[in-house]
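Text of run33.pdb (PDB, C-alpha atoms and all ligand atoms) as supplied:
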```
ATOM      1  CA  MET A 286     188.226 -33.677 235.227  1.00  0.00           C
ATOM      2  CA  ALA A 287     188.917 -37.262 236.299  1.00  0.00           C
ATOM      3  CA  LEU A 288     186.357 -39.828 235.210  1.00  0.00           C
ATOM      4  CA  SER A 289     184.239 -41.485 237.886  1.00  0.00           C
ATOM      5  CA  GLU A 290     185.005 -45.124 238.563  1.00  0.00           C
ATOM      6  CA  GLN A 291     181.629 -46.150 237.109  1.00  0.00           C
ATOM      7  CA  MET A 292     182.214 -44.043 234.013  1.00  0.00           C
ATOM      8  CA  ALA A 293     185.666 -45.520 233.459  1.00  0.00           C
ATOM      9  CA  ARG A 294     184.221 -49.007 233.804  1.00  0.00           C
ATOM     10  CA  LYS A 295     181.321 -48.288 231.457  1.00  0.00           C
ATOM     11  CA  LEU A 296     183.627 -46.723 228.863  1.00  0.00           C
ATOM     12  CA  ASN A 297     185.852 -49.796 229.046  1.00  0.00           C
ATOM     13  CA  ASP A 298     182.787 -51.981 228.497  1.00  0.00           C
ATOM     14  CA  GLN A 299     181.856 -49.811 225.530  1.00  0.00           C
ATOM     15  CA  VAL A 300     185.316 -50.300 224.014  1.00  0.00           C
ATOM     16  CA  THR A 301     184.613 -54.038 224.191  1.00  0.00           C
ATOM     17  CA  ALA A 302     181.113 -53.562 222.766  1.00  0.00           C
ATOM     18  CA  GLU A 303     182.499 -51.622 219.787  1.00  0.00           C
ATOM     19  CA  PHE A 304     185.168 -54.239 219.106  1.00  0.00           C
ATOM     20  CA  TYR A 305     182.514 -56.919 219.410  1.00  0.00           C
ATOM     21  CA  SER A 306     180.364 -54.968 216.917  1.00  0.00           C
ATOM     22  CA  ALA A 307     183.340 -54.965 214.556  1.00  0.00           C
ATOM     23  CA  TYR A 308     183.711 -58.717 214.944  1.00  0.00           C
ATOM     24  CA  TYR A 309     179.952 -59.262 214.618  1.00  0.00           C
ATOM     25  CA  TYR A 310     179.941 -57.378 211.299  1.00  0.00           C
ATOM     26  CA  LEU A 311     183.108 -59.130 210.170  1.00  0.00           C
ATOM     27  CA  GLY A 312     181.236 -62.434 210.561  1.00  0.00           C
ATOM     28  CA  MET A 313     178.451 -60.975 208.438  1.00  0.00           C
ATOM     29  CA  ALA A 314     180.947 -59.835 205.777  1.00  0.00           C
ATOM     30  CA  VAL A 315     182.321 -63.381 205.606  1.00  0.00           C
ATOM     31  CA  ALA A 316     178.787 -64.823 205.363  1.00  0.00           C
ATOM     32  CA  PHE A 317     177.864 -62.441 202.537  1.00  0.00           C
ATOM     33  CA  ASN A 318     181.065 -63.403 200.761  1.00  0.00           C
ATOM     34  CA  ALA A 319     180.105 -67.083 201.044  1.00  0.00           C
ATOM     35  CA  MET A 320     176.678 -66.246 199.587  1.00  0.00           C
ATOM     36  CA  GLY A 321     178.406 -64.676 196.572  1.00  0.00           C
ATOM     37  CA  LEU A 322     177.137 -61.219 197.545  1.00  0.00           C
ATOM     38  CA  LYS A 323     180.374 -59.308 197.121  1.00  0.00           C
ATOM     39  CA  VAL A 324     178.980 -55.795 197.482  1.00  0.00           C
ATOM     40  CA  PHE A 325     177.116 -56.591 200.709  1.00  0.00           C
ATOM     41  CA  SER A 326     180.294 -58.254 201.908  1.00  0.00           C
ATOM     42  CA  GLU A 327     182.290 -55.091 201.113  1.00  0.00           C
ATOM     43  CA  ARG A 328     179.703 -52.954 202.900  1.00  0.00           C
ATOM     44  CA  PHE A 329     180.201 -55.028 206.058  1.00  0.00           C
ATOM     45  CA  PHE A 330     184.000 -55.006 205.782  1.00  0.00           C
ATOM     46  CA  GLU A 331     183.660 -51.213 205.795  1.00  0.00           C
ATOM     47  CA  GLN A 332     181.355 -51.441 208.805  1.00  0.00           C
ATOM     48  CA  TYR A 333     184.034 -53.472 210.573  1.00  0.00           C
ATOM     49  CA  ASP A 334     186.496 -50.587 210.056  1.00  0.00           C
ATOM     50  CA  GLU A 335     183.964 -48.090 211.392  1.00  0.00           C
ATOM     51  CA  GLU A 336     183.341 -50.057 214.567  1.00  0.00           C
ATOM     52  CA  ILE A 337     187.084 -50.439 215.185  1.00  0.00           C
ATOM     53  CA  ALA A 338     187.364 -46.647 214.870  1.00  0.00           C
ATOM     54  CA  HIS A 339     184.513 -46.218 217.411  1.00  0.00           C
ATOM     55  CA  GLY A 340     186.340 -48.493 219.861  1.00  0.00           C
ATOM     56  CA  MET A 341     189.692 -46.761 219.344  1.00  0.00           C
ATOM     57  CA  LYS A 342     188.218 -43.317 219.927  1.00  0.00           C
ATOM     58  CA  LEU A 343     186.812 -44.492 223.292  1.00  0.00           C
ATOM     59  CA  LEU A 344     190.065 -46.198 224.263  1.00  0.00           C
ATOM     60  CA  ARG A 345     192.040 -43.028 223.516  1.00  0.00           C
ATOM     61  CA  TYR A 346     189.568 -40.989 225.572  1.00  0.00           C
ATOM     62  CA  LEU A 347     190.181 -43.294 228.543  1.00  0.00           C
ATOM     63  CA  LEU A 348     193.949 -43.050 228.120  1.00  0.00           C
ATOM     64  CA  ASP A 349     193.841 -39.264 227.683  1.00  0.00           C
ATOM     65  CA  HIS A 350     192.064 -39.091 231.057  1.00  0.00           C
ATOM     66  CA  LYS A 351     194.543 -41.431 232.708  1.00  0.00           C
ATOM     67  CA  ALA A 352     191.668 -43.792 233.459  1.00  0.00           C
ATOM     68  CA  PRO A 353     192.383 -47.508 233.796  1.00  0.00           C
ATOM     69  CA  ALA A 354     191.992 -49.243 230.439  1.00  0.00           C
ATOM     70  CA  GLU A 355     191.589 -52.977 230.369  1.00  0.00           C
ATOM     71  CA  LEU A 356     191.162 -54.977 227.200  1.00  0.00           C
ATOM     72  CA  GLN A 357     188.461 -57.575 227.714  1.00  0.00           C
ATOM     73  CA  GLU A 358     187.560 -60.778 225.950  1.00  0.00           C
ATOM     74  CA  ILE A 359     185.693 -60.470 222.649  1.00  0.00           C
ATOM     75  CA  ARG A 360     183.324 -63.384 222.157  1.00  0.00           C
ATOM     76  CA  ARG A 361     182.772 -65.439 219.038  1.00  0.00           C
ATOM     77  CA  PRO A 362     180.144 -63.840 216.783  1.00  0.00           C
ATOM     78  CA  PRO A 363     177.283 -65.856 215.250  1.00  0.00           C
ATOM     79  CA  GLN A 364     178.233 -67.369 211.888  1.00  0.00           C
ATOM     80  CA  ASP A 365     175.287 -69.551 210.956  1.00  0.00           C
ATOM     81  CA  TRP A 366     173.416 -66.948 208.931  1.00  0.00           C
ATOM     82  CA  GLN A 367     170.695 -68.264 206.631  1.00  0.00           C
ATOM     83  CA  SER A 368     169.836 -65.342 204.376  1.00  0.00           C
ATOM     84  CA  ALA A 369     170.777 -61.797 203.455  1.00  0.00           C
ATOM     85  CA  GLU A 370     167.586 -60.483 205.017  1.00  0.00           C
ATOM     86  CA  GLN A 371     168.244 -62.334 208.262  1.00  0.00           C
ATOM     87  CA  ILE A 372     171.708 -60.774 208.456  1.00  0.00           C
ATOM     88  CA  ILE A 373     170.550 -57.226 207.810  1.00  0.00           C
ATOM     89  CA  GLN A 374     167.656 -57.624 210.242  1.00  0.00           C
ATOM     90  CA  ALA A 375     170.132 -58.699 212.941  1.00  0.00           C
ATOM     91  CA  ALA A 376     172.474 -55.819 212.081  1.00  0.00           C
ATOM     92  CA  ARG A 377     169.562 -53.399 212.335  1.00  0.00           C
ATOM     93  CA  GLU A 378     168.632 -54.767 215.772  1.00  0.00           C
ATOM     94  CA  HIS A 379     172.248 -54.671 216.882  1.00  0.00           C
ATOM     95  CA  GLU A 380     172.476 -50.941 216.173  1.00  0.00           C
ATOM     96  CA  THR A 381     169.353 -50.311 218.266  1.00  0.00           C
ATOM     97  CA  TYR A 382     170.966 -52.270 221.087  1.00  0.00           C
ATOM     98  CA  VAL A 383     174.182 -50.209 220.818  1.00  0.00           C
ATOM     99  CA  THR A 384     172.157 -46.987 220.896  1.00  0.00           C
ATOM    100  CA  GLY A 385     170.809 -48.159 224.264  1.00  0.00           C
ATOM    101  CA  LEU A 386     174.366 -48.663 225.522  1.00  0.00           C
ATOM    102  CA  ILE A 387     175.337 -45.155 224.410  1.00  0.00           C
ATOM    103  CA  ASN A 388     172.264 -43.700 226.104  1.00  0.00           C
ATOM    104  CA  ALA A 389     173.296 -45.419 229.354  1.00  0.00           C
ATOM    105  CA  LEU A 390     176.739 -43.785 229.080  1.00  0.00           C
ATOM    106  CA  VAL A 391     175.108 -40.404 228.580  1.00  0.00           C
ATOM    107  CA  ALA A 392     172.956 -41.003 231.679  1.00  0.00           C
ATOM    108  CA  GLN A 393     176.102 -41.823 233.677  1.00  0.00           C
ATOM    109  CA  ALA A 394     177.755 -38.578 232.496  1.00  0.00           C
ATOM    110  CA  GLU A 395     174.664 -36.660 233.601  1.00  0.00           C
ATOM    111  CA  GLN A 396     174.670 -38.363 236.970  1.00  0.00           C
ATOM    112  CA  ASP A 397     178.376 -37.516 237.404  1.00  0.00           C
ATOM    113  CA  ARG A 398     177.839 -33.931 236.148  1.00  0.00           C
ATOM    114  CA  ASP A 399     180.700 -34.741 233.802  1.00  0.00           C
ATOM    115  CA  ASP A 400     180.187 -32.171 231.044  1.00  0.00           C
ATOM    116  CA  GLU A 401     183.307 -33.100 229.140  1.00  0.00           C
ATOM    117  CA  THR A 402     182.365 -36.772 228.783  1.00  0.00           C
ATOM    118  CA  HIS A 403     178.787 -35.749 228.077  1.00  0.00           C
ATOM    119  CA  SER A 404     179.919 -33.642 225.147  1.00  0.00           C
ATOM    120  CA  PHE A 405     182.387 -36.330 223.997  1.00  0.00           C
ATOM    121  CA  LEU A 406     179.492 -38.809 223.931  1.00  0.00           C
ATOM    122  CA  GLN A 407     177.388 -36.532 221.764  1.00  0.00           C
ATOM    123  CA  TRP A 408     179.485 -37.704 218.799  1.00  0.00           C
ATOM    124  CA  TYR A 409     178.317 -41.277 219.519  1.00  0.00           C
ATOM    125  CA  VAL A 410     174.698 -40.192 219.930  1.00  0.00           C
ATOM    126  CA  ASP A 411     174.824 -38.587 216.461  1.00  0.00           C
ATOM    127  CA  GLU A 412     176.727 -41.539 215.016  1.00  0.00           C
ATOM    128  CA  GLN A 413     174.056 -43.964 216.289  1.00  0.00           C
ATOM    129  CA  VAL A 414     171.327 -41.992 214.522  1.00  0.00           C
ATOM    130  CA  GLU A 415     173.289 -42.406 211.284  1.00  0.00           C
ATOM    131  CA  GLU A 416     174.058 -46.073 211.925  1.00  0.00           C
ATOM    132  CA  GLU A 417     170.418 -46.915 212.610  1.00  0.00           C
ATOM    133  CA  GLU A 418     169.328 -45.028 209.502  1.00  0.00           C
ATOM    134  CA  SER A 419     171.858 -46.703 207.263  1.00  0.00           C
ATOM    135  CA  MET A 420     170.931 -50.202 208.514  1.00  0.00           C
ATOM    136  CA  GLU A 421     167.257 -49.339 208.024  1.00  0.00           C
ATOM    137  CA  GLU A 422     168.071 -48.320 204.460  1.00  0.00           C
ATOM    138  CA  LEU A 423     169.853 -51.641 203.855  1.00  0.00           C
ATOM    139  CA  LEU A 424     166.904 -53.517 205.332  1.00  0.00           C
ATOM    140  CA  ASP A 425     164.485 -51.733 202.998  1.00  0.00           C
ATOM    141  CA  LEU A 426     166.780 -52.605 200.114  1.00  0.00           C
ATOM    142  CA  VAL A 427     166.932 -56.375 200.802  1.00  0.00           C
ATOM    143  CA  LYS A 428     163.256 -56.605 201.715  1.00  0.00           C
ATOM    144  CA  SER A 429     162.090 -54.879 198.541  1.00  0.00           C
ATOM    145  CA  ALA A 430     164.528 -56.924 196.424  1.00  0.00           C
ATOM    146  CA  GLY A 431     163.432 -60.264 197.870  1.00  0.00           C
ATOM    147  CA  PRO A 432     165.635 -63.386 197.608  1.00  0.00           C
ATOM    148  CA  ALA A 433     165.410 -63.394 193.788  1.00  0.00           C
ATOM    149  CA  GLY A 434     166.397 -59.751 193.421  1.00  0.00           C
ATOM    150  CA  LEU A 435     169.647 -59.727 195.364  1.00  0.00           C
ATOM    151  CA  ALA A 436     171.864 -59.274 192.285  1.00  0.00           C
ATOM    152  CA  ALA A 437     169.971 -56.082 191.447  1.00  0.00           C
ATOM    153  CA  ALA A 438     170.135 -55.032 195.114  1.00  0.00           C
ATOM    154  CA  GLU A 439     173.914 -55.429 194.930  1.00  0.00           C
ATOM    155  CA  GLN A 440     174.053 -52.992 192.025  1.00  0.00           C
ATOM    156  CA  GLN A 441     171.908 -50.515 193.923  1.00  0.00           C
ATOM    157  CA  LEU A 442     174.084 -50.877 197.001  1.00  0.00           C
ATOM    158  CA  ALA A 443     177.245 -50.329 194.938  1.00  0.00           C
ATOM    159  CA  ALA A 444     175.726 -47.076 193.652  1.00  0.00           C
ATOM    160  CA  MET A 445     174.775 -46.017 197.215  1.00  0.00           C
ATOM    161  CA  MET A 446     178.289 -46.757 198.454  1.00  0.00           C
ATOM    162  CA  SER A 447     180.051 -44.825 195.687  1.00  0.00           C
ATOM    163  CA  LYS A 448     177.788 -41.840 196.427  1.00  0.00           C
ATOM    164  CA  ASP A 449     178.834 -41.904 200.105  1.00  0.00           C
ATOM    165  CA  GLU A 450     182.545 -41.733 199.286  1.00  0.00           C
TER
HETATM  166 FE    FE B   1     179.804 -48.374 216.891  1.00  0.00          FE
HETATM  167 FE    FE B   2     177.556 -49.359 214.705  1.00  0.00          FE
END
```
Starting from the file, lay out its structure as structure tokens.
Ligand SMILES: [Fe+2]
Ligand SMILES: [Fe+2]
Amino acid sequence: MALSEQMARKLNDQVTAEFYSAYYYLGMAVAFNAMGLKVFSERFFEQYDEEIAHGMKLLRYLLDHKAPAELQEIRRPPQDWQSAEQIIQAAREHETYVTGLINALVAQAEQDRDDETHSFLQWYVDEQVEEEESMEELLDLVKSAGPAGLAAAEQQLAAMMSKDE
């Protein structure tokens, strides 16, 4: 089934949103690196890769459906982060925002009675649950560590990351 014009446009916007998310987290990875928090930095480099994969999957879906794909501008991400907790808090909020974008895509698929796109989007719905949970987990980690306990938090995070592999 061909995608509706609105759906094609919204999916294009979501490609941009995912690439922006990648760039947003890349800025955080660089900030963590500057703070000397190498494990947090690595965690956000990995998050960059994940967001690129989210964007690519959407772009391929558009192309597979012969829908117009247009690469849009990706804006400069914030880079004046003050603390680890501030970064993770912002990342946590960003994932909630992205979940809202995904829900709007699902609503469009329902409106279009586009079952194929609806089921394609289910992967993103599930992914957002995981993304929100994992950012929440990171937030708990930095909050309970406090500014003085970040070295220990890095060790804990390294253990969490090796378990996920
Ligand atoms: Fe994403
Ligand atoms: Fe994400």
Run through the PyMOL selection byres (((not hetatm)) within 6 of (chain B and resi 1)) on the given coordinates and return the selected residues as a list in words.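 With the shown file as input, the PyMOL selection byres (((not hetatm)) within 6 of (chain B and resi 1)) matches Glu303, Glu336 and His339 of chain A.
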Under the PyMOL selection byres (((not hetatm)) within 10 of (chain B and resi 2)), which residues of this model are included? Write them out as a PyMOL selection string. chain A and resi 302-303+306-307+310+332-333+335-337+339+376-377+379-384+409+412-417+419-420
Please write as a ChimeraX atom specification the full residue list that the PyMOL selection byres (((chain A and resi 390-404) around 12) and not hetatm) yields on this file. /A:286-300,343,346-347,349-350,383-389,405-411
Using all atoms listed in the file, find the one residue out of A:Phe325, A:Leu311, A:Leu344, A:Ala354 that sits nearest to Gln441 in chain A.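 Nearest candidate to Gln441 in chain A out of A:Phe325, A:Leu311, A:Leu344, A:Ala354: A:Phe325.
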Take CA of Glu327 in chain A and CA of Pro363 in chain A and report the distance between them in Å, one decimal.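 CA of Glu327 in chain A sits 18.5 Å away from CA of Pro363 in chain A.
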